[in-house]
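Participant: Sharing work_3.csv here; it has CSV, C-alpha atoms.
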chain,number,residue,atom,x,y,z
A,100,MET,CA,50.9,-30.0,-17.1
A,101,CYS,CA,47.7,-31.4,-15.6
A,102,GLY,CA,46.3,-35.0,-15.7
A,103,ILE,CA,43.1,-36.3,-17.2
A,104,ALA,CA,41.3,-39.5,-16.7
A,105,GLY,CA,38.0,-40.8,-18.1
A,106,LEU,CA,36.0,-44.0,-18.0
A,107,PHE,CA,32.9,-44.9,-20.1
A,108,ILE,CA,31.3,-48.1,-19.0
A,109,LYS,CA,29.4,-49.9,-21.8
A,110,GLY,CA,27.3,-52.4,-19.8
A,111,THR,CA,26.1,-52.8,-16.3
A,112,ARG,CA,28.6,-55.1,-14.6
A,113,LEU,CA,31.2,-52.5,-13.8
A,114,GLN,CA,28.9,-49.6,-13.0
A,115,PRO,CA,29.0,-50.2,-9.2
A,116,GLN,CA,32.8,-49.7,-9.5
A,117,LEU,CA,32.8,-46.5,-11.5
A,118,GLY,CA,34.0,-44.2,-8.7
A,119,GLU,CA,36.5,-46.8,-7.4
A,120,LEU,CA,38.1,-47.3,-10.8
A,121,LEU,CA,38.2,-43.6,-11.7
A,122,ALA,CA,39.7,-42.6,-8.4
A,123,GLU,CA,42.4,-45.3,-8.8
A,124,MET,CA,43.1,-44.1,-12.3
A,125,THR,CA,43.4,-40.5,-11.1
A,126,SER,CA,45.7,-41.4,-8.2
A,127,THR,CA,48.6,-42.2,-10.6
A,128,LEU,CA,48.2,-38.6,-12.1
A,129,CYS,CA,48.8,-36.7,-8.8
A,130,SER,CA,52.3,-35.6,-9.8
A,131,ARG,CA,50.9,-34.1,-13.0
A,132,GLY,CA,48.6,-31.8,-11.0
A,133,PRO,CA,49.0,-31.4,-7.3
A,134,ASP,CA,47.1,-28.1,-6.9
A,135,SER,CA,43.5,-29.4,-7.0
A,136,ALA,CA,41.3,-32.2,-8.4
A,137,GLY,CA,37.8,-32.8,-9.5
A,138,PHE,CA,35.5,-35.6,-10.5
A,139,ALA,CA,32.4,-35.6,-12.7
A,140,LEU,CA,30.2,-38.7,-12.4
A,141,TYR,CA,27.1,-39.7,-14.2
A,142,THR,CA,25.0,-41.4,-11.6
A,143,ALA,CA,21.4,-42.7,-11.3
A,144,GLY,CA,18.7,-40.1,-11.6
A,145,ASP,CA,14.9,-39.9,-11.1
A,146,VAL,CA,12.4,-39.1,-13.8
A,147,GLY,CA,11.3,-35.5,-13.5
A,148,LYS,CA,14.1,-34.6,-11.1
A,149,ALA,CA,17.3,-32.5,-11.6
A,150,LYS,CA,20.4,-32.4,-9.5
A,151,LEU,CA,22.3,-29.2,-8.5
A,152,THR,CA,25.8,-29.8,-7.1
A,153,LEU,CA,26.8,-26.9,-4.8
A,154,THR,CA,29.9,-25.8,-3.1
A,155,SER,CA,30.6,-23.0,-0.7
A,156,VAL,CA,33.2,-20.3,-1.4
A,157,GLY,CA,32.9,-18.8,2.1
A,158,GLU,CA,33.5,-20.3,5.5
A,159,GLY,CA,31.1,-23.1,4.8
A,160,SER,CA,27.3,-23.2,4.3
A,161,ASP,CA,24.5,-25.0,6.1
A,162,PHE,CA,23.2,-26.9,3.1
A,163,GLU,CA,20.4,-28.5,5.0
A,164,ALA,CA,19.1,-25.2,6.1
A,165,LEU,CA,19.6,-23.8,2.6
A,166,GLY,CA,17.5,-26.7,1.2
A,167,HIS,CA,14.6,-26.0,3.6
A,168,MET,CA,14.6,-22.3,2.6
A,169,LEU,CA,14.8,-23.1,-1.1
A,170,SER,CA,11.9,-25.5,-0.8
A,171,ARG,CA,9.7,-22.9,0.9
A,172,SER,CA,10.6,-20.3,-1.7
A,173,VAL,CA,9.8,-22.4,-4.8
A,174,GLY,CA,6.9,-24.3,-3.2
A,175,ALA,CA,8.3,-27.7,-4.0
A,176,PRO,CA,10.2,-30.5,-2.1
A,177,VAL,CA,14.1,-30.2,-2.2
A,178,SER,CA,16.2,-33.0,-1.0
A,179,VAL,CA,19.8,-32.5,0.2
A,180,LYS,CA,22.7,-34.9,0.2
A,181,SER,CA,25.9,-33.5,1.7
A,182,ARG,CA,29.4,-34.8,0.7
A,183,TYR,CA,32.4,-33.1,2.3
A,184,THR,CA,32.4,-29.5,1.1
A,185,SER,CA,29.6,-30.0,-1.4
A,186,ALA,CA,26.0,-31.0,-1.5
A,187,VAL,CA,23.6,-32.3,-4.2
A,188,LEU,CA,20.2,-30.7,-4.1
A,189,THR,CA,17.5,-32.7,-6.0
A,190,VAL,CA,14.7,-30.5,-7.3
A,191,PRO,CA,11.9,-30.8,-9.8
A,192,THR,CA,13.3,-30.5,-13.4
A,193,ASP,CA,10.9,-27.8,-14.4
A,194,LEU,CA,12.0,-25.7,-11.4
A,195,ALA,CA,15.8,-26.1,-11.9
A,196,LYS,CA,16.3,-22.7,-13.4
A,197,LEU,CA,14.1,-21.0,-10.8
A,198,CYS,CA,16.2,-22.8,-8.1
A,199,ARG,CA,19.5,-21.7,-9.7
A,200,ASP,CA,18.2,-18.1,-9.9
A,201,TRP,CA,17.1,-18.2,-6.2
A,202,LEU,CA,20.5,-19.5,-5.2
A,203,PHE,CA,22.3,-16.8,-7.2
A,204,GLU,CA,20.2,-14.0,-5.7
A,205,ASN,CA,20.1,-15.2,-2.1
A,206,CYS,CA,23.3,-17.3,-1.4
A,207,HIS,CA,26.3,-15.3,-2.3
A,208,ASP,CA,28.7,-17.8,-0.8
A,209,VAL,CA,27.3,-20.7,-2.8
A,210,ARG,CA,28.3,-21.7,-6.3
A,211,VAL,CA,26.5,-24.3,-8.5
A,212,LEU,CA,29.1,-26.7,-9.9
A,213,SER,CA,26.8,-28.8,-12.0
A,214,GLU,CA,23.2,-29.3,-13.1
A,215,GLY,CA,21.5,-32.2,-14.8
A,216,GLY,CA,19.5,-35.3,-14.3
A,217,ASN,CA,22.5,-37.5,-13.7
A,218,LEU,CA,25.7,-35.4,-13.4
A,219,GLU,CA,27.4,-34.7,-10.1
A,220,ILE,CA,30.7,-32.8,-9.9
A,221,TYR,CA,32.9,-32.8,-6.9
A,222,LYS,CA,36.1,-30.7,-6.8
A,223,GLU,CA,38.3,-29.0,-4.3
A,224,VAL,CA,41.7,-27.5,-3.8
A,225,GLY,CA,44.3,-30.0,-2.5
A,226,TYR,CA,46.3,-33.1,-3.4
A,227,PRO,CA,44.2,-35.3,-5.7
A,228,ASP,CA,44.3,-38.4,-3.5
A,229,HIS,CA,43.2,-36.4,-0.5
A,230,VAL,CA,40.3,-34.8,-2.5
A,231,ALA,CA,39.1,-38.3,-3.8
A,232,ARG,CA,39.1,-39.7,-0.2
A,233,ALA,CA,37.4,-36.7,1.3
A,234,PHE,CA,34.5,-36.9,-1.2
A,235,GLU,CA,34.5,-40.7,-1.0
A,236,ILE,CA,34.6,-40.9,-4.8
A,237,ALA,CA,35.3,-44.7,-4.7
A,238,SER,CA,31.8,-45.3,-3.2
A,239,ILE,CA,29.9,-43.7,-6.1
A,240,PRO,CA,28.5,-45.9,-8.8
A,241,GLY,CA,27.6,-44.7,-12.3
A,242,THR,CA,27.8,-45.1,-16.1
A,243,HIS,CA,30.7,-42.9,-16.9
A,244,GLY,CA,32.9,-40.2,-15.5
A,245,ILE,CA,35.9,-37.9,-16.0
A,246,ALA,CA,38.5,-36.6,-13.7
A,247,HIS,CA,41.3,-34.0,-13.6
A,248,THR,CA,44.4,-33.2,-11.5
A,249,ARG,CA,45.4,-29.6,-12.0
A,250,MET,CA,48.7,-27.7,-12.1
A,251,ALA,CA,47.5,-24.1,-12.4
A,252,THR,CA,49.1,-21.9,-15.0
A,253,GLU,CA,46.6,-19.2,-16.0
A,254,SER,CA,44.1,-18.6,-13.2
A,255,ALA,CA,43.9,-18.8,-9.4
A,256,VAL,CA,43.9,-22.1,-7.5
A,257,THR,CA,40.4,-22.2,-6.2
A,258,THR,CA,37.6,-24.7,-5.9
A,259,THR,CA,35.5,-23.1,-8.6
A,260,GLY,CA,38.6,-22.8,-10.8
A,261,ALA,CA,39.3,-26.5,-10.7
A,262,HIS,CA,38.1,-28.9,-13.4
A,263,PRO,CA,35.7,-30.3,-14.5
A,264,PHE,CA,33.5,-27.5,-15.7
A,265,CYS,CA,29.8,-27.8,-16.3
A,266,THR,CA,28.2,-25.1,-18.5
A,267,GLY,CA,25.0,-26.9,-19.6
A,268,PRO,CA,22.7,-29.6,-18.2
A,269,ASP,CA,24.5,-32.9,-17.9
A,270,GLN,CA,27.5,-31.5,-19.8
A,271,CYS,CA,31.1,-31.3,-18.6
A,272,LEU,CA,34.7,-31.0,-19.8
A,273,VAL,CA,38.3,-31.4,-18.5
A,274,HIS,CA,41.2,-29.9,-20.4
A,275,ASN,CA,45.0,-30.2,-20.6
A,276,GLY,CA,46.5,-27.3,-22.5
A,277,SER,CA,46.0,-23.6,-23.0
A,278,LEU,CA,43.7,-21.6,-25.3
A,279,SER,CA,45.1,-18.4,-26.9
A,280,ASN,CA,41.7,-17.0,-28.1
A,281,HIS,CA,39.7,-17.6,-25.0
A,282,ALA,CA,39.2,-13.9,-24.3
A,283,SER,CA,37.6,-13.1,-27.6
A,284,LEU,CA,35.6,-16.4,-27.5
A,285,ARG,CA,34.4,-15.5,-24.0
A,286,ARG,CA,32.9,-12.2,-25.4
A,287,GLU,CA,31.2,-14.1,-28.3
A,288,LEU,CA,29.7,-16.6,-25.9
A,289,GLU,CA,28.4,-13.9,-23.6
A,290,ARG,CA,26.6,-12.3,-26.5
A,291,ASP,CA,25.0,-15.6,-27.1
A,292,GLY,CA,23.8,-15.7,-23.5
A,293,ILE,CA,26.3,-18.3,-22.2
A,294,VAL,CA,28.4,-16.6,-19.4
A,295,PRO,CA,31.4,-18.5,-17.9
A,296,GLN,CA,31.6,-18.0,-14.2
A,297,THR,CA,35.4,-18.1,-13.8
A,298,GLU,CA,38.5,-16.8,-15.5
A,299,ASN,CA,39.7,-20.3,-16.5
A,300,ASP,CA,40.2,-20.7,-20.2
A,301,SER,CA,39.0,-24.3,-19.9
A,302,GLU,CA,35.5,-23.2,-18.9
A,303,VAL,CA,35.3,-21.2,-22.1
A,304,ALA,CA,36.0,-24.4,-24.0
A,305,ALA,CA,33.2,-26.1,-22.1
A,306,ALA,CA,30.8,-23.2,-22.8
A,307,TYR,CA,31.7,-23.3,-26.5
A,308,LEU,CA,30.7,-26.9,-26.7
A,309,THR,CA,27.5,-26.2,-24.8
A,310,ARG,CA,26.6,-23.6,-27.4
A,311,GLU,CA,27.3,-26.0,-30.2
A,312,LEU,CA,25.1,-28.7,-28.6
A,313,LYS,CA,22.3,-26.2,-28.1
A,314,ARG,CA,22.5,-25.6,-31.9
A,315,SER,CA,21.4,-29.3,-32.2
A,316,ARG,CA,24.8,-30.6,-33.1
A,317,ALA,CA,25.7,-34.1,-32.1
A,318,LEU,CA,28.7,-34.4,-29.7
A,319,GLY,CA,31.0,-35.5,-32.5
A,320,GLU,CA,30.0,-32.6,-34.7
A,321,ALA,CA,30.5,-30.1,-31.8
A,322,LEU,CA,34.0,-31.5,-31.2
A,323,LYS,CA,34.9,-31.3,-34.8
A,324,SER,CA,33.7,-27.6,-35.1
A,325,SER,CA,36.0,-26.7,-32.2
A,326,LEU,CA,39.0,-27.5,-34.3
A,327,ASP,CA,38.2,-24.4,-36.5
A,328,ASP,CA,37.1,-22.1,-33.7
A,329,LEU,CA,39.6,-22.8,-30.8
A,330,ASP,CA,43.2,-21.7,-31.0
A,331,GLY,CA,45.9,-23.2,-28.8
A,332,PHE,CA,46.9,-26.6,-27.7
A,333,PHE,CA,44.5,-28.9,-26.0
A,334,THR,CA,43.3,-32.3,-25.1
A,335,PHE,CA,39.6,-32.4,-24.1
A,336,VAL,CA,37.6,-35.2,-22.5
A,337,VAL,CA,33.9,-34.4,-22.5
A,338,GLY,CA,30.9,-35.9,-20.9
A,339,THR,CA,27.2,-35.6,-21.8
A,340,LYS,CA,24.2,-37.4,-20.4
A,341,ASN,CA,24.7,-40.4,-22.6
A,342,GLY,CA,28.1,-39.7,-24.2
A,343,PHE,CA,31.8,-39.6,-23.7
A,344,GLY,CA,34.2,-37.8,-26.2
A,345,VAL,CA,37.9,-37.1,-26.7
A,346,LEU,CA,39.6,-34.6,-28.9
A,347,ARG,CA,43.2,-33.5,-29.4
A,348,ASP,CA,44.4,-30.4,-31.2
A,349,PRO,CA,46.0,-30.7,-34.7
A,350,ILE,CA,49.5,-30.8,-33.1
A,351,ALA,CA,48.6,-33.1,-30.3
A,352,CYS,CA,51.5,-32.0,-28.1
A,353,LYS,CA,49.7,-33.1,-24.9
A,354,PRO,CA,50.0,-36.9,-24.0
A,355,ALA,CA,47.0,-39.1,-24.4
A,356,VAL,CA,46.3,-42.9,-24.4
A,357,MET,CA,43.1,-44.9,-24.6
A,358,ALA,CA,42.0,-48.4,-24.0
A,359,GLU,CA,38.9,-50.2,-25.2
A,360,THR,CA,37.3,-53.5,-24.3
A,361,HIS,CA,33.8,-54.9,-24.7
A,362,GLU,CA,33.1,-53.5,-21.2
A,363,TYR,CA,34.6,-50.0,-21.2
A,364,VAL,CA,36.5,-47.2,-22.9
A,365,ALA,CA,39.2,-45.5,-20.8
A,366,PHE,CA,41.3,-42.4,-21.4
A,367,SER,CA,44.3,-41.1,-19.5
A,368,SER,CA,47.3,-38.8,-19.8
A,369,GLU,CA,49.6,-41.7,-19.0
A,370,TYR,CA,49.4,-45.4,-19.7
A,371,ARG,CA,50.2,-46.4,-16.1
A,372,SER,CA,46.9,-44.9,-15.1
A,373,LEU,CA,45.1,-47.7,-17.1
A,374,THR,CA,47.1,-50.7,-15.8
A,375,ALA,CA,44.8,-51.4,-12.9
A,376,LEU,CA,41.6,-51.6,-15.0
A,377,PRO,CA,40.0,-55.0,-15.3
A,378,GLY,CA,40.8,-56.8,-18.5
A,379,ILE,CA,43.4,-54.2,-19.5
A,380,GLU,CA,45.7,-57.0,-20.8
A,381,ASP,CA,43.2,-57.8,-23.5
A,382,ALA,CA,42.3,-54.2,-24.3
A,383,ARG,CA,42.9,-52.4,-27.6
A,384,VAL,CA,45.3,-49.7,-26.4
A,385,PHE,CA,46.0,-46.8,-28.8
A,386,GLU,CA,46.9,-43.1,-29.0
A,387,PRO,CA,44.1,-40.9,-30.2
A,388,LYS,CA,45.0,-39.2,-33.5
A,389,PRO,CA,45.4,-35.4,-33.7
A,390,ALA,CA,42.3,-33.4,-34.8
A,391,THR,CA,40.1,-36.5,-34.7
A,392,PRO,CA,37.0,-36.6,-32.6
A,393,TYR,CA,36.3,-39.8,-30.7
A,394,PHE,CA,33.0,-40.4,-29.1
A,395,TRP,CA,30.9,-43.1,-27.6
A,396,GLU,CA,27.2,-43.1,-26.5
A,397,HIS,CA,24.9,-45.3,-24.6
Would it be possible to restate this file's structure as structure tokens?

Facilitator:
Amino acid sequence: MCGIAGLFIKGTRLQPQLGELLAEMTSTLCSRGPDSAGFALYTAGDVGKAKLTLTSVGEGSDFEALGHMLSRSVGAPVSVKSRYTSAVLTVPTDLAKLCRDWLFENCHDVRVLSEGGNLEIYKEVGYPDHVARAFEIASIPGTHGIAHTRMATESAVTTTGAHPFCTGPDQCLVHNGSLSNHASLRRELERDGIVPQTENDSEVAAAYLTRELKRSRALGEALKSSLDDLDGFFTFVVGTKNGFGVLRDPIACKPAVMAETHEYVAFSSEYRSLTALPGIEDARVFEPKPATPYFWEH
């Protein structure tokens, strides 16, 4: 079943409220996905710096100590900001791949949930409201973000199996639905050097879009190409560094509603999730059409 929410803020006035508004939108979707929840937020970044959002799949990691070891190993400063069961490591952009490789080789209980100059992903097993409060999502400002409440159907209920999925720098996706050709597409992506880290079919969809964006396609073009290459039923909400996109399959069997004002674009699986947004009474509210990419960029 699952629930999806997304908020793209056009100007600056509402940016301090991004996390608060997104958490409130997601709260109404708890019944659609009580197994786990996740939030992807595009926050302020520093020139020449990349963020790596980490989580621990073991009994917990000492992220501060890990940051000190990583700094010594790569010969560059690494800052660490912990948040509940995750941490954001800020590293020089040109050393991001080296840092990821070091983490993979030396920290077997750690997973990298996201990478990018602005993107931070926080996700965990548990009731969505509890997850949002534990990570203090309401306190996080930003330009845009997407969220997901999961009712697992095809893979295990784990932190790494929760949405959103990040498969490229400042790229993420949430998905409501099921893909029937994800196994064959996974093999194709692996041949192209993009290897999903979980068994979740939604991560395959995220990786597919990453591949298309690497081929210098714009977000709208990448979404449109997925209509030919992905089989199944789906509603996607996608985030990039500057953009926000929505796509439904040609049948559009999964619920979706959008609202747009001069200050924001909002998406949800249910209209009641939009009712607390400022100015919603004056918004253009509509149902996105099947097989039609929608996208906005700063």

Participant: Between A:Lys353, A:His229, A:His281, A:Arg131, which residue has the minimum interatomic distance to Phe332 (chain A), considering only C-alpha atoms?

Facilitator: A:Lys353

Participant: Could you build a table of the residues in region 201-295 of chain A lying no more than 8 Å from region 138-157 of chain A, giving for each the nearest pair of atoms and their separation in Å rounded to one decimal place, using all atoms listed in the file, ordered by chain and ascending residue number, as CSV?

Facilitator:
residue,atom,partner,partner_atom,distance
A:Asp208,CA,A:Val156,CA,5.2
A:Val209,CA,A:Ser155,CA,4.5
A:Arg210,CA,A:Thr154,CA,5.4
A:Val211,CA,A:Leu153,CA,4.5
A:Leu212,CA,A:Thr152,CA,5.3
A:Ser213,CA,A:Thr152,CA,5.1
A:Glu214,CA,A:Leu151,CA,4.7
A:Gly215,CA,A:Ala149,CA,5.3
A:Gly216,CA,A:Ala149,CA,4.5
A:Asn217,CA,A:Gly144,CA,5.1
A:Leu218,CA,A:Tyr141,CA,4.6
A:Glu219,CA,A:Leu140,CA,5.4
A:Ile220,CA,A:Ala139,CA,4.3
A:Tyr221,CA,A:Phe138,CA,5.2
A:Lys222,CA,A:Phe138,CA,6.2
A:Ile236,CA,A:Phe138,CA,7.8
A:Ile239,CA,A:Thr142,CA,7.7
A:Pro240,CA,A:Thr142,CA,6.4
A:Gly241,CA,A:Thr142,CA,4.3
A:Thr242,CA,A:Tyr141,CA,5.8
A:His243,CA,A:Tyr141,CA,5.5
A:Gly244,CA,A:Leu140,CA,4.4
A:Ile245,CA,A:Ala139,CA,5.3
A:Ala246,CA,A:Phe138,CA,4.5
A:His247,CA,A:Phe138,CA,6.8
A:Thr258,CA,A:Val156,CA,7.7
A:His262,CA,A:Phe138,CA,7.7
A:Pro263,CA,A:Ala139,CA,6.5
A:Cys271,CA,A:Ala139,CA,7.4

Participant: Which distance in Å separates CA of Ser130 (chain A) and CA of Asp228 (chain A), to one decimal?

Facilitator: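 Between CA of Ser130 (chain A) and CA of Asp228 (chain A) the gap works out to 10.6 Å.
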
Participant: CA of Arg199 (chain A) and CA of Leu165 (chain A), how far apart in Å?

Facilitator: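 According to the coordinates, CA of Leu165 (chain A) and CA of Arg199 (chain A) are separated by 12.5 Å.
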
Participant: Between A:Pro387, A:Gly174, A:Pro191, A:Gly342, which has the minimum distance to Glu359 (chain A) (counting all atoms listed in the file)?

Facilitator: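 Closest to Glu359 (chain A) of all the choices is A:Pro387.
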
Participant: Quick check, in Å to one decimal: how far apart do CA of Gly225 (chain A) and CA of Ser135 (chain A) lie?

Facilitator: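 Calculated distance between CA of Gly225 (chain A) and CA of Ser135 (chain A) is 4.6 Å.
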
Participant: Give me the residues near Leu376 (chain A) as a list in words, where near means some atom within 9 Å (using all atoms listed in the file) and where sequence neighbours in that chain fewer than 6 positions away do not count.

Facilitator: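 Non-adjacent residues within range: Leu120, Glu123, Met124 and Ala365 of chain A.
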
Participant: Need the shell around region 313-330 of chain A: protein/DNA/RNA residues with any atom at most 10 Å away, counting only C-alpha atoms. Skip same-chain ones fewer than 6 positions apart. Format as a list in words?

Facilitator: Gly267, Ser277, Leu278, Ser279, Asn280, His281, Leu284, Val303, Ala304, Tyr307, Val337, Gly338, Thr339, Gly342, Phe343, Gly344, Val345, Leu346, Arg347, Asp348, Pro349, Ala390, Thr391, Pro392, Tyr393, Phe394, Trp395 and Glu396 of chain A

Participant: Quick one: of A:Leu188, A:Gly110, A:Pro115, A:Ala251, who's nearest to His167 (chain A), counting only C-alpha atoms?

Facilitator: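 Closest candidate: A:Leu188.
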
Participant: Considering all atoms listed in the file, can you say which of A:Gln296, A:Thr257, A:Thr374, A:Thr309 comes closest to Phe203 (chain A)?

Facilitator: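 For Phe203 (chain A), the nearest of the given residues is A:Gln296.
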
Participant: Find, counting all atoms listed in the file, the residue in A:Arg182, A:Arg112, A:His397, A:Arg383 that gets nearest to Lys340 (chain A).

Facilitator: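 Of the candidates, the smallest distance to Lys340 (chain A) is held by A:His397.
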
Participant: My list of candidates is A:Ala233, A:Leu197, A:Cys129, A:Ala382. Which is closest to Cys101 (chain A) when distances are computed with all atoms listed in the file?

Facilitator: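 That would be A:Cys129, the residue with the smallest distance to Cys101 (chain A).
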
Participant: Each side padded by 5 Å, which centre and which edge lengths in Å (one decimal) define the axis-aligned box around the listed atoms of region 292-295 of chain A? Give them as AutoDock Vina command-line options.

Facilitator:
--center_x 27.6 --center_y -17.1 --center_z -20.7 --size_x 17.6 --size_y 12.8 --size_z 15.6
